[in-house]
file final_27.cif (mmCIF, C-alpha atoms)
data_upload
#
loop_
_atom_site.label_atom_id
_atom_site.label_comp_id
_atom_site.auth_asym_id
_atom_site.auth_seq_id
_atom_site.Cartn_x
_atom_site.Cartn_y
_atom_site.Cartn_z
CA MET K 24 0.00 0.00 0.00
CA SER K 25 1.40 3.44 -0.91
CA ASP K 26 2.06 5.89 1.88
CA LEU K 27 -0.54 8.31 0.50
CA ARG K 28 -3.25 5.64 0.46
CA ARG K 29 -2.42 4.61 4.01
CA GLU K 30 -2.37 8.26 5.10
CA LEU K 31 -5.74 8.90 3.45
CA LYS K 32 -7.31 5.93 5.20
CA GLN K 33 -5.92 7.05 8.55
CA ASN K 34 -7.16 10.62 8.01
CA ILE K 35 -10.61 9.44 6.92
CA ILE K 36 -10.93 7.20 9.98
CA GLU K 37 -9.86 10.02 12.30
CA GLN K 38 -11.72 12.91 10.73
CA LEU K 39 -14.95 11.04 10.06
CA ASN K 40 -14.84 9.24 13.43
CA LEU K 41 -15.04 5.77 11.91
CA GLU K 42 -13.95 4.32 15.21
CA GLU K 43 -14.87 0.75 14.44
CA LEU K 44 -12.63 0.60 11.37
CA GLU K 45 -8.89 -0.03 10.98
CA VAL K 46 -6.75 1.07 8.04
CA THR K 47 -6.61 -2.56 6.91
CA ASP K 48 -10.44 -2.75 6.78
CA ILE K 49 -10.60 -0.28 3.89
CA ASP K 50 -9.80 -1.64 0.44
CA ASN K 51 -8.33 0.76 -2.11
CA GLU K 52 -11.03 0.01 -4.66
CA VAL K 53 -14.14 -0.16 -2.44
CA PRO K 54 -16.71 2.64 -2.92
CA LEU K 55 -16.55 5.18 -0.09
CA PHE K 56 -20.27 5.88 -0.34
CA GLY K 57 -23.36 3.73 -0.65
CA ASP K 58 -22.73 0.07 -0.07
CA GLY K 59 -19.00 0.52 0.50
CA LEU K 60 -17.91 2.46 3.57
CA GLY K 61 -21.38 3.95 3.88
CA LEU K 62 -20.27 7.58 4.14
CA ASP K 63 -22.95 10.28 3.90
CA SER K 64 -23.34 13.80 2.53
CA ILE K 65 -21.82 15.44 5.61
CA ASP K 66 -18.81 13.18 5.21
CA VAL K 67 -18.40 14.48 1.64
CA LEU K 68 -18.19 18.02 3.00
CA GLU K 69 -15.65 16.88 5.57
CA LEU K 70 -13.56 15.25 2.84
CA ILE K 71 -13.68 18.46 0.78
CA VAL K 72 -12.37 20.37 3.80
CA MET K 73 -9.69 17.71 4.28
CA LEU K 74 -8.50 18.06 0.67
CA GLU K 75 -8.08 21.79 1.10
CA LYS K 76 -6.51 21.67 4.54
CA ASP K 77 -4.10 18.77 4.04
CA TYR K 78 -3.31 18.91 0.33
CA GLY K 79 -4.10 22.49 -0.73
CA ILE K 80 -6.76 21.38 -3.20
CA LYS K 81 -9.87 23.54 -3.45
CA LEU K 82 -12.82 21.91 -5.18
CA THR K 83 -15.00 24.42 -6.98
CA ASP K 84 -17.34 22.04 -8.78
CA PRO K 85 -19.30 19.80 -6.40
CA GLU K 86 -19.94 17.41 -9.28
CA GLN K 87 -16.23 16.56 -9.22
CA GLY K 88 -16.73 14.97 -5.82
CA LYS K 89 -18.57 11.95 -7.20
CA GLU K 90 -15.54 10.95 -9.22
CA ILE K 91 -12.81 11.99 -6.80
CA PHE K 92 -14.37 10.31 -3.78
CA ALA K 93 -15.35 7.13 -5.58
CA SER K 94 -12.61 5.14 -3.80
CA ILE K 95 -9.28 5.51 -2.02
CA ASP K 96 -7.51 4.80 -5.32
CA LYS K 97 -9.41 7.59 -7.10
CA MET K 98 -8.76 10.04 -4.26
CA ALA K 99 -5.06 9.23 -4.21
CA GLU K 100 -4.76 9.64 -8.00
CA TYR K 101 -6.50 13.02 -7.87
CA ILE K 102 -4.38 14.23 -4.96
CA GLU K 103 -1.12 13.14 -6.62
CA ALA K 104 -2.06 15.07 -9.77
CA ASN K 105 -3.36 18.23 -8.08
CA ARG K 106 -1.79 18.72 -4.66
CA THR K 107 -0.15 22.05 -3.86
CA LYS K 108 1.27 20.96 -0.52
CA MET D 14 -54.64 19.28 34.23
CA SER D 15 -53.87 15.54 34.65
CA ASN D 16 -56.79 13.23 34.13
CA GLY D 17 -55.24 10.06 35.55
CA ASN D 18 -55.37 8.17 32.26
CA TYR D 19 -51.64 8.14 31.73
CA LYS D 20 -48.69 6.56 33.49
CA ILE D 21 -44.97 7.00 33.74
CA THR D 22 -44.26 3.67 32.09
CA ASP D 23 -40.49 3.73 32.48
CA PHE D 24 -37.63 6.15 33.00
CA VAL D 25 -33.88 6.51 32.66
CA HIS D 26 -31.27 8.70 34.33
CA ILE D 27 -27.73 9.42 33.23
CA LYS D 28 -25.56 11.51 35.49
CA ASP D 29 -22.11 11.45 37.12
CA HIS D 30 -20.81 8.40 35.25
CA ARG D 31 -23.87 6.34 36.11
CA ILE D 32 -26.88 5.06 34.20
CA PHE D 33 -30.09 4.16 35.99
CA HIS D 34 -32.96 2.27 34.39
CA GLY D 35 -35.91 2.97 36.63
CA LYS D 36 -34.30 2.97 40.06
CA ASP D 37 -31.75 0.29 39.19
CA GLN D 38 -28.21 1.25 38.38
CA VAL D 39 -27.33 -0.55 35.17
CA PHE D 40 -23.90 0.91 34.46
CA LYS D 41 -21.20 2.86 36.21
CA THR D 42 -17.67 3.90 35.34
CA GLU D 43 -14.79 5.47 37.22
CA LYS D 44 -15.36 9.16 37.82
CA SER D 45 -11.95 9.87 36.32
CA LEU D 46 -13.31 9.07 32.83
CA GLY D 47 -14.15 12.05 30.67
CA LEU D 48 -17.52 12.36 28.94
CA ASP D 49 -16.29 10.83 25.67
CA GLN D 50 -14.80 7.84 27.44
CA PHE D 51 -17.92 7.36 29.55
CA LEU D 52 -20.11 7.45 26.46
CA LYS D 53 -17.87 5.03 24.60
CA ALA D 54 -17.90 2.63 27.55
CA SER D 55 -21.70 2.91 27.72
CA TYR D 56 -21.95 2.19 23.99
CA LYS D 57 -19.93 -0.98 24.43
CA LYS D 58 -21.73 -2.09 27.58
CA LEU D 59 -25.15 -1.64 25.96
CA GLU D 60 -23.96 -3.32 22.74
CA ILE D 61 -25.50 -0.56 20.67
CA ALA D 62 -23.72 -1.56 17.42
CA TYR D 63 -24.51 1.67 15.54
CA PRO D 64 -21.31 3.07 13.97
CA LYS D 65 -22.93 6.45 13.34
CA PHE D 66 -22.91 6.91 17.12
CA HIS D 67 -19.21 7.80 16.99
CA LYS D 68 -19.87 10.72 14.66
CA MET D 69 -22.39 12.37 16.96
CA ASP D 70 -21.81 15.15 19.43
CA GLY D 71 -22.12 14.58 23.17
CA LEU D 72 -25.76 15.62 23.42
CA CYS D 73 -26.82 13.17 20.71
CA LYS D 74 -24.73 10.37 22.18
CA LEU D 75 -26.43 10.93 25.54
CA GLY D 76 -29.82 10.79 23.81
CA ILE D 77 -28.97 7.59 21.97
CA VAL D 78 -27.65 5.89 25.11
CA ALA D 79 -30.69 7.01 27.16
CA SER D 80 -33.20 5.91 24.51
CA GLU D 81 -31.47 2.57 24.15
CA VAL D 82 -31.97 1.90 27.86
CA LEU D 83 -35.49 3.34 27.96
CA PHE D 84 -36.77 1.45 24.91
CA LYS D 85 -35.16 -1.89 25.78
CA ASP D 86 -38.21 -3.51 27.37
CA HIS D 87 -40.95 -1.82 25.35
CA TYR D 88 -42.50 -1.87 21.92
CA ILE D 89 -41.93 1.64 20.59
CA SER D 90 -44.44 2.68 17.96
CA SER D 91 -43.20 4.87 15.11
CA ASP D 92 -45.76 7.43 16.34
CA THR D 93 -44.04 7.83 19.70
CA ALA D 94 -43.53 11.55 20.29
CA LEU D 95 -40.37 13.14 21.71
CA VAL D 96 -40.60 16.17 24.00
CA PHE D 97 -37.19 17.14 25.35
CA SER D 98 -35.79 20.12 27.20
CA ASN D 99 -32.56 21.49 28.60
CA SER D 100 -30.99 24.69 29.86
CA VAL D 101 -28.18 25.29 27.40
CA SER D 102 -29.36 24.15 23.99
CA SER D 103 -26.37 22.75 22.05
CA LEU D 104 -23.84 25.03 23.75
CA GLU D 105 -21.00 22.48 23.97
CA THR D 106 -21.01 21.95 20.22
CA ASP D 107 -21.70 25.63 19.53
CA LYS D 108 -18.48 26.45 21.39
CA LYS D 109 -16.51 23.89 19.38
CA HIS D 110 -17.89 25.36 16.19
CA GLN D 111 -17.03 28.88 17.31
CA GLN D 112 -13.45 27.82 18.07
CA ALA D 113 -13.15 26.24 14.61
CA MET D 114 -14.38 29.40 12.88
CA GLY D 115 -10.96 30.99 13.25
CA ARG D 116 -9.48 28.13 11.23
CA MET D 117 -11.45 25.87 8.94
CA VAL D 118 -14.92 24.90 10.12
CA SER D 119 -15.92 21.28 10.32
CA PRO D 120 -19.24 20.38 8.64
CA SER D 121 -19.60 17.41 10.96
CA ILE D 122 -19.45 19.72 13.99
CA PHE D 123 -21.67 22.37 12.44
CA VAL D 124 -24.56 19.93 11.83
CA TYR D 125 -24.89 19.41 15.58
CA THR D 126 -25.25 23.10 16.44
CA LEU D 127 -28.96 22.74 17.19
CA PRO D 128 -30.39 20.93 20.22
CA ASN D 129 -33.20 19.23 18.32
CA ILE D 130 -30.70 17.22 16.28
CA VAL D 131 -30.76 14.73 19.15
CA LEU D 132 -34.46 14.18 18.42
CA GLY D 133 -33.63 13.45 14.79
CA GLU D 134 -30.86 11.04 15.68
CA ILE D 135 -33.13 9.10 18.05
CA SER D 136 -35.88 9.12 15.41
CA ILE D 137 -33.53 7.75 12.75
CA LYS D 138 -32.14 5.07 15.05
CA HIS D 139 -35.58 3.89 16.20
CA LYS D 140 -37.46 4.65 12.97
CA LEU D 141 -39.80 7.18 14.58
CA GLN D 142 -41.92 9.41 12.35
CA SER D 143 -43.58 11.43 15.02
CA GLU D 144 -44.12 14.77 16.70
CA ASN D 145 -40.98 16.10 18.30
CA VAL D 146 -40.07 19.31 20.05
CA PHE D 147 -37.18 20.65 22.12
CA PHE D 148 -37.64 23.37 24.75
CA ILE D 149 -35.05 25.50 26.49
CA GLU D 150 -35.87 26.00 30.18
CA ASN D 151 -33.90 27.14 33.21
CA ARG D 152 -34.51 23.80 34.90
CA PHE D 153 -36.56 20.63 34.49
CA ASN D 154 -40.17 21.78 34.39
CA ALA D 155 -42.27 18.81 35.47
CA GLU D 156 -45.60 20.60 35.15
CA PHE D 157 -44.93 21.73 31.60
CA MET D 158 -43.71 18.27 30.55
CA ARG D 159 -46.80 16.63 32.02
CA ASP D 160 -49.11 19.10 30.30
CA TYR D 161 -47.39 18.83 26.94
CA ALA D 162 -47.35 15.03 27.03
CA GLU D 163 -51.01 14.91 28.00
CA VAL D 164 -52.04 17.27 25.22
CA LEU D 165 -50.33 15.06 22.64
CA LEU D 166 -51.84 11.89 24.09
CA GLU D 167 -55.32 13.37 24.45
CA ALA D 168 -55.20 14.64 20.87
CA LYS D 169 -54.59 11.02 19.81
CA LYS D 170 -51.50 12.17 17.97
CA THR D 171 -49.45 9.48 19.60
CA PRO D 172 -49.85 6.40 21.82
CA ALA D 173 -46.77 7.30 23.85
CA VAL D 174 -44.48 10.22 24.61
CA VAL D 175 -40.85 10.27 25.62
CA CYS D 176 -40.29 13.44 27.60
CA GLY D 177 -37.69 14.87 29.89
CA TRP D 178 -34.42 16.65 30.35
CA ILE D 179 -31.13 16.23 28.53
CA ASP D 180 -28.55 18.76 29.65
CA LEU D 181 -24.87 18.93 28.76
CA LYS D 182 -22.83 21.80 30.09
CA ASN D 183 -19.05 22.00 30.59
CA ALA D 184 -18.82 18.21 30.18
CA GLU D 185 -21.34 17.73 33.01
CA TYR D 186 -24.48 15.92 32.01
CA ASP D 187 -27.90 15.39 33.52
CA VAL D 188 -30.33 13.21 31.59
CA PHE D 189 -33.80 12.16 32.70
CA LEU D 190 -36.16 10.70 30.11
CA CYS D 191 -39.54 9.12 30.78
CA LEU D 192 -41.79 7.00 28.63
CA ILE D 193 -45.39 8.12 29.11
CA SER D 194 -48.28 5.93 27.97
CA LYS D 195 -51.35 4.17 29.34
CA LYS D 196 -49.20 1.31 30.65
CA GLY D 197 -47.52 1.15 34.02
CA GLU D 198 -48.09 1.76 37.70
CA ILE D 199 -46.86 5.28 38.37
CA PRO D 200 -49.53 7.91 37.60
CA LEU D 201 -48.40 10.77 35.38
CA SER D 202 -48.31 13.81 37.62
CA LYS D 203 -46.14 16.83 38.19
CA GLU D 204 -45.18 15.53 41.62
CA ASN D 205 -44.19 12.08 40.37
CA LEU D 206 -42.15 13.47 37.50
CA LYS D 207 -40.37 15.84 39.85
CA GLN D 208 -39.74 13.14 42.43
CA LEU D 209 -38.35 10.72 39.84
CA TYR D 210 -36.16 13.42 38.34
CA LEU D 211 -34.72 14.18 41.76
CA PHE D 212 -34.38 10.51 42.78
CA GLU D 213 -30.89 10.08 41.37
CA ASN D 214 -29.64 13.03 43.37
CA GLU D 215 -30.84 11.64 46.70
#
call {"tool": "encode", "arguments": {"input": "final_27.cif", "output": "structure tokens"}}
result
Amino acid sequence: MSDLRRELKQNIIEQLNLEELEVTDIDNEVPLFGDGLGLDSIDVLELIVMLEKDYGIKLTDPEQGKEIFASIDKMAEYIEANRTK
Amino acid sequence: MSNGNYKITDFVHIKDHRIFHGKDQVFKTEKSLGLDQFLKASYKKLEIAYPKFHKMDGLCKLGIVASEVLFKDHYISSDTALVFSNSVSSLETDKKHQQAMGRMVSPSIFVYTLPNIVLGEISIKHKLQSENVFFIENRFNAEFMRDYAEVLLEAKKTPAVVCGWIDLKNAEYDVFLCLISKKGEIPLSKENLKQLYLFENE
């Protein structure tokens, strides 16, 4: 597992208070919403804040979120391509 | 008011690291535990198994724990009304949100900056689709709670009402919720509500 993917999982667990999950419980490809991790709309907002705070990425189009937050892999790819810090 | 038709079917107290169901203590932790640790220990002890619990603020966690104990031995109709009160609204979470405003606000904190969110969380958990209301009072107002519960019951809006007090201030908490219906032995009255509320402090 890449360091970024591990870091993302750790941050998601901490910031979204997913206390019953471990890093190893989250697969890179599993959907973060719906039947996957079961995150909700407030979690999306929290992830948007996390992108800006931790990686300097400001999302301006909410529609982008569907694609970026589809899975850990998708998030990591987007961050690697767009991070400013 | 008070026509004698209704009873205090059951009640729960949470205060000072202890949970009482009726007059029986069902859980207790060391006083050295902070609120978060106490709530987490209660969650495990009661086997709540509801991951969303961990995302909630303290007020909602107290409501979920209290309702879990209160509803344990009863069939709870989806029409069961919720009538809660406290003295400080959602102040604990409001303060956290205010502190975050200087930096980057957290949406997951912001959504809990209303006291009636606890009613929504309990309704979601127990699939209630009912009347609910949250009042801010200086202290537990037994007469008002009795009257409000009776009005709802008399209007046939609901077969049961959960009413009471759920206060969280400076990490100190005082929760007293009662299930009011036609079942039970204790008549619904201002005096009985007041006495039961004070019981835990005796």
call {"tool": "residues_around", "arguments": {"input": "final_27.cif", "residues": "region 95-105 of chain D", "least_positions_apart": "2", "cutoff": "6 Å", "atoms": "only C-alpha atoms", "output": "list of chain:residue names"}}
result
D:Asp107, D:Lys108, D:Thr126, D:Leu127, D:Pro128, D:Asn145, D:Val146, D:Phe147, D:Phe148, D:Ile149, D:Glu150, D:Asn151, D:Val174, D:Val175, D:Cys176, D:Gly177, D:Trp178, D:Ile179, D:Asp180
call {"tool": "write_last_selection", "arguments": {"input": "final_27.cif", "atoms": "C-alpha atoms", "output": "short mmCIF file (atom, residue, chain, number, x, y, z; two decimals), in the frame of the given file"}}
result
data_model
loop_
_atom_site.label_atom_id
_atom_site.label_comp_id
_atom_site.auth_asym_id
_atom_site.auth_seq_id
_atom_site.Cartn_x
_atom_site.Cartn_y
_atom_site.Cartn_z
CA ASP D 107 -21.70 25.63 19.53
CA LYS D 108 -18.48 26.45 21.39
CA THR D 126 -25.25 23.10 16.44
CA LEU D 127 -28.96 22.74 17.19
CA PRO D 128 -30.39 20.93 20.22
CA ASN D 145 -40.98 16.10 18.30
CA VAL D 146 -40.07 19.31 20.05
CA PHE D 147 -37.18 20.65 22.12
CA PHE D 148 -37.64 23.37 24.75
CA ILE D 149 -35.05 25.50 26.49
CA GLU D 150 -35.87 26.00 30.18
CA ASN D 151 -33.90 27.14 33.21
CA VAL D 174 -44.48 10.22 24.61
CA VAL D 175 -40.85 10.27 25.62
CA CYS D 176 -40.29 13.44 27.60
CA GLY D 177 -37.69 14.87 29.89
CA TRP D 178 -34.42 16.65 30.35
CA ILE D 179 -31.13 16.23 28.53
CA ASP D 180 -28.55 18.76 29.65
#
call {"tool": "resolve_selection", "arguments": {"input": "final_27.cif", "expression": "the PyMOL selection byres ((chain D and resi 125) around 12)", "output": "PyMOL selection string"}}
result
(chain K and resi 65) or (chain D and resi 68-74+102-110+119-124+126-134)
call {"tool": "residues_around", "arguments": {"input": "final_27.cif", "residues": "Lys20 (chain D)", "least_positions_apart": "2", "cutoff": "10 Å", "atoms": "only C-alpha atoms", "output": "list in words"}}
result
Gly17, Asn18, Thr22, Asp23, Ala173, Cys191, Leu192, Ile193, Ser194, Lys195, Lys196, Gly197, Glu198, Ile199, Pro200, Leu201, Ser202 and Asn205 of chain D
call {"tool": "interface_residues", "arguments": {"input": "final_27.cif", "of": "chain K", "to": "chain D", "cutoff": "9 Å", "atoms": "all atoms listed in the file", "output": "CSV table (one decimal) with C-alpha atoms, in the frame of the given file"}}
result
chain,number,residue,atom,x,y,z
K,39,LEU,CA,-15.0,11.0,10.1
K,40,ASN,CA,-14.8,9.2,13.4
K,41,LEU,CA,-15.0,5.8,11.9
K,42,GLU,CA,-14.0,4.3,15.2
K,43,GLU,CA,-14.9,0.8,14.4
K,65,ILE,CA,-21.8,15.4,5.6
K,66,ASP,CA,-18.8,13.2,5.2
K,68,LEU,CA,-18.2,18.0,3.0
K,69,GLU,CA,-15.6,16.9,5.6
K,72,VAL,CA,-12.4,20.4,3.8
K,76,LYS,CA,-6.5,21.7,4.5
call {"tool": "residues_around", "arguments": {"input": "final_27.cif", "residues": "Gly59 (chain K)", "least_positions_apart": "4", "cutoff": "10 Å", "atoms": "only C-alpha atoms", "output": "ChimeraX atom specification"}}
result
/K:49-50,52-55,93-94
call {"tool": "resolve_selection", "arguments": {"input": "final_27.cif", "expression": "the PyMOL selection byres ((chain K and resi 96) around 8)", "output": "PDB file with C-alpha atoms, keeping the file's coordinate frame"}}
result
ATOM      1  CA  ARG K  28      -3.250   5.640   0.460  1.00  0.00           C
ATOM      2  CA  ASN K  51      -8.330   0.760  -2.110  1.00  0.00           C
ATOM      3  CA  GLU K  52     -11.030   0.010  -4.660  1.00  0.00           C
ATOM      4  CA  SER K  94     -12.610   5.140  -3.800  1.00  0.00           C
ATOM      5  CA  ILE K  95      -9.280   5.510  -2.020  1.00  0.00           C
ATOM      6  CA  LYS K  97      -9.410   7.590  -7.100  1.00  0.00           C
ATOM      7  CA  MET K  98      -8.760  10.040  -4.260  1.00  0.00           C
ATOM      8  CA  ALA K  99      -5.060   9.230  -4.210  1.00  0.00           C
ATOM      9  CA  GLU K 100      -4.760   9.640  -8.000  1.00  0.00           C
TER      10      GLU K 100
END
call {"tool": "atom_distance", "arguments": {"input": "final_27.cif", "atom1": "CA of Lys32 (chain K)", "atom2": "CA of Gly61 (chain K)"}}
result
14.3 Å
call {"tool": "atom_distance", "arguments": {"input": "final_27.cif", "atom1": "CA of Phe92 (chain K)", "atom2": "CA of Phe56 (chain K)"}}
result
8.1 Å
call {"tool": "closest_residue", "arguments": {"input": "final_27.cif", "among": "D:Lys58, D:Arg152, D:Lys53, D:Lys85", "to": "Val188 (chain D)", "atoms": "only C-alpha atoms"}}
result
D:Arg152
call {"tool": "atom_distance", "arguments": {"input": "final_27.cif", "atom1": "CA of Leu48 (chain D)", "atom2": "CA of Ala184 (chain D)"}}
result
6.1 Å
call {"tool": "resolve_selection", "arguments": {"input": "final_27.cif", "expression": "the PyMOL selection byres ((chain D and resi 29-43) around 12)", "output": "tab-separated table (two decimals) with C-alpha atoms, in the coordinates of the input"}}
result
chain	number	residue	atom	x	y	z
D	21	ILE	CA	-44.97	7.00	33.74
D	22	THR	CA	-44.26	3.67	32.09
D	23	ASP	CA	-40.49	3.73	32.48
D	24	PHE	CA	-37.63	6.15	33.00
D	25	VAL	CA	-33.88	6.51	32.66
D	26	HIS	CA	-31.27	8.70	34.33
D	27	ILE	CA	-27.73	9.42	33.23
D	28	LYS	CA	-25.56	11.51	35.49
D	44	LYS	CA	-15.36	9.16	37.82
D	45	SER	CA	-11.95	9.87	36.32
D	46	LEU	CA	-13.31	9.07	32.83
D	47	GLY	CA	-14.15	12.05	30.67
D	48	LEU	CA	-17.52	12.36	28.94
D	49	ASP	CA	-16.29	10.83	25.67
D	50	GLN	CA	-14.80	7.84	27.44
D	51	PHE	CA	-17.92	7.36	29.55
D	52	LEU	CA	-20.11	7.45	26.46
D	53	LYS	CA	-17.87	5.03	24.60
D	54	ALA	CA	-17.90	2.63	27.55
D	55	SER	CA	-21.70	2.91	27.72
D	56	TYR	CA	-21.95	2.19	23.99
D	57	LYS	CA	-19.93	-0.98	24.43
D	58	LYS	CA	-21.73	-2.09	27.58
D	59	LEU	CA	-25.15	-1.64	25.96
D	75	LEU	CA	-26.43	10.93	25.54
D	78	VAL	CA	-27.65	5.89	25.11
D	79	ALA	CA	-30.69	7.01	27.16
D	80	SER	CA	-33.20	5.91	24.51
D	81	GLU	CA	-31.47	2.57	24.15
D	82	VAL	CA	-31.97	1.90	27.86
D	83	LEU	CA	-35.49	3.34	27.96
D	84	PHE	CA	-36.77	1.45	24.91
D	85	LYS	CA	-35.16	-1.89	25.78
D	86	ASP	CA	-38.21	-3.51	27.37
D	181	LEU	CA	-24.87	18.93	28.76
D	184	ALA	CA	-18.82	18.21	30.18
D	185	GLU	CA	-21.34	17.73	33.01
D	186	TYR	CA	-24.48	15.92	32.01
D	187	ASP	CA	-27.90	15.39	33.52
D	188	VAL	CA	-30.33	13.21	31.59
D	189	PHE	CA	-33.80	12.16	32.70
D	190	LEU	CA	-36.16	10.70	30.11
D	191	CYS	CA	-39.54	9.12	30.78
D	192	LEU	CA	-41.79	7.00	28.63
D	199	ILE	CA	-46.86	5.28	38.37
D	208	GLN	CA	-39.74	13.14	42.43
D	209	LEU	CA	-38.35	10.72	39.84
D	210	TYR	CA	-36.16	13.42	38.34
D	211	LEU	CA	-34.72	14.18	41.76
D	212	PHE	CA	-34.38	10.51	42.78
D	213	GLU	CA	-30.89	10.08	41.37
D	214	ASN	CA	-29.64	13.03	43.37
D	215	GLU	CA	-30.84	11.64	46.70
call {"tool": "residues_around", "arguments": {"input": "final_27.cif", "residues": "Ile80 (chain K)", "least_positions_apart": "3", "cutoff": "12 Å", "atoms": "all atoms listed in the file", "output": "list in words"}}
result
Leu70, Ile71, Val72, Met73, Leu74, Glu75, Lys76, Asp77, Thr83, Asp84, Ile91, Met98, Tyr101, Ile102, Glu103, Ala104, Asn105, Arg106, Thr107 and Lys108 of chain K
call {"tool": "residues_around", "arguments": {"input": "final_27.cif", "residues": "Glu30 (chain K)", "least_positions_apart": "5", "cutoff": "9 Å", "atoms": "all atoms listed in the file", "output": "list of chain:residue names"}}
result
K:Ser25, K:Ile35, K:Val46
call {"tool": "axis_aligned_box", "arguments": {"input": "final_27.cif", "around": "region 78-84 of chain K", "padding_each_side": "6 Å", "output": "lines of an AutoDock Vina configuration file"}}
result
center_x = -10.3
center_y = 21.7
center_z = -4.2
size_x = 26.0
size_y = 17.5
size_z = 21.1
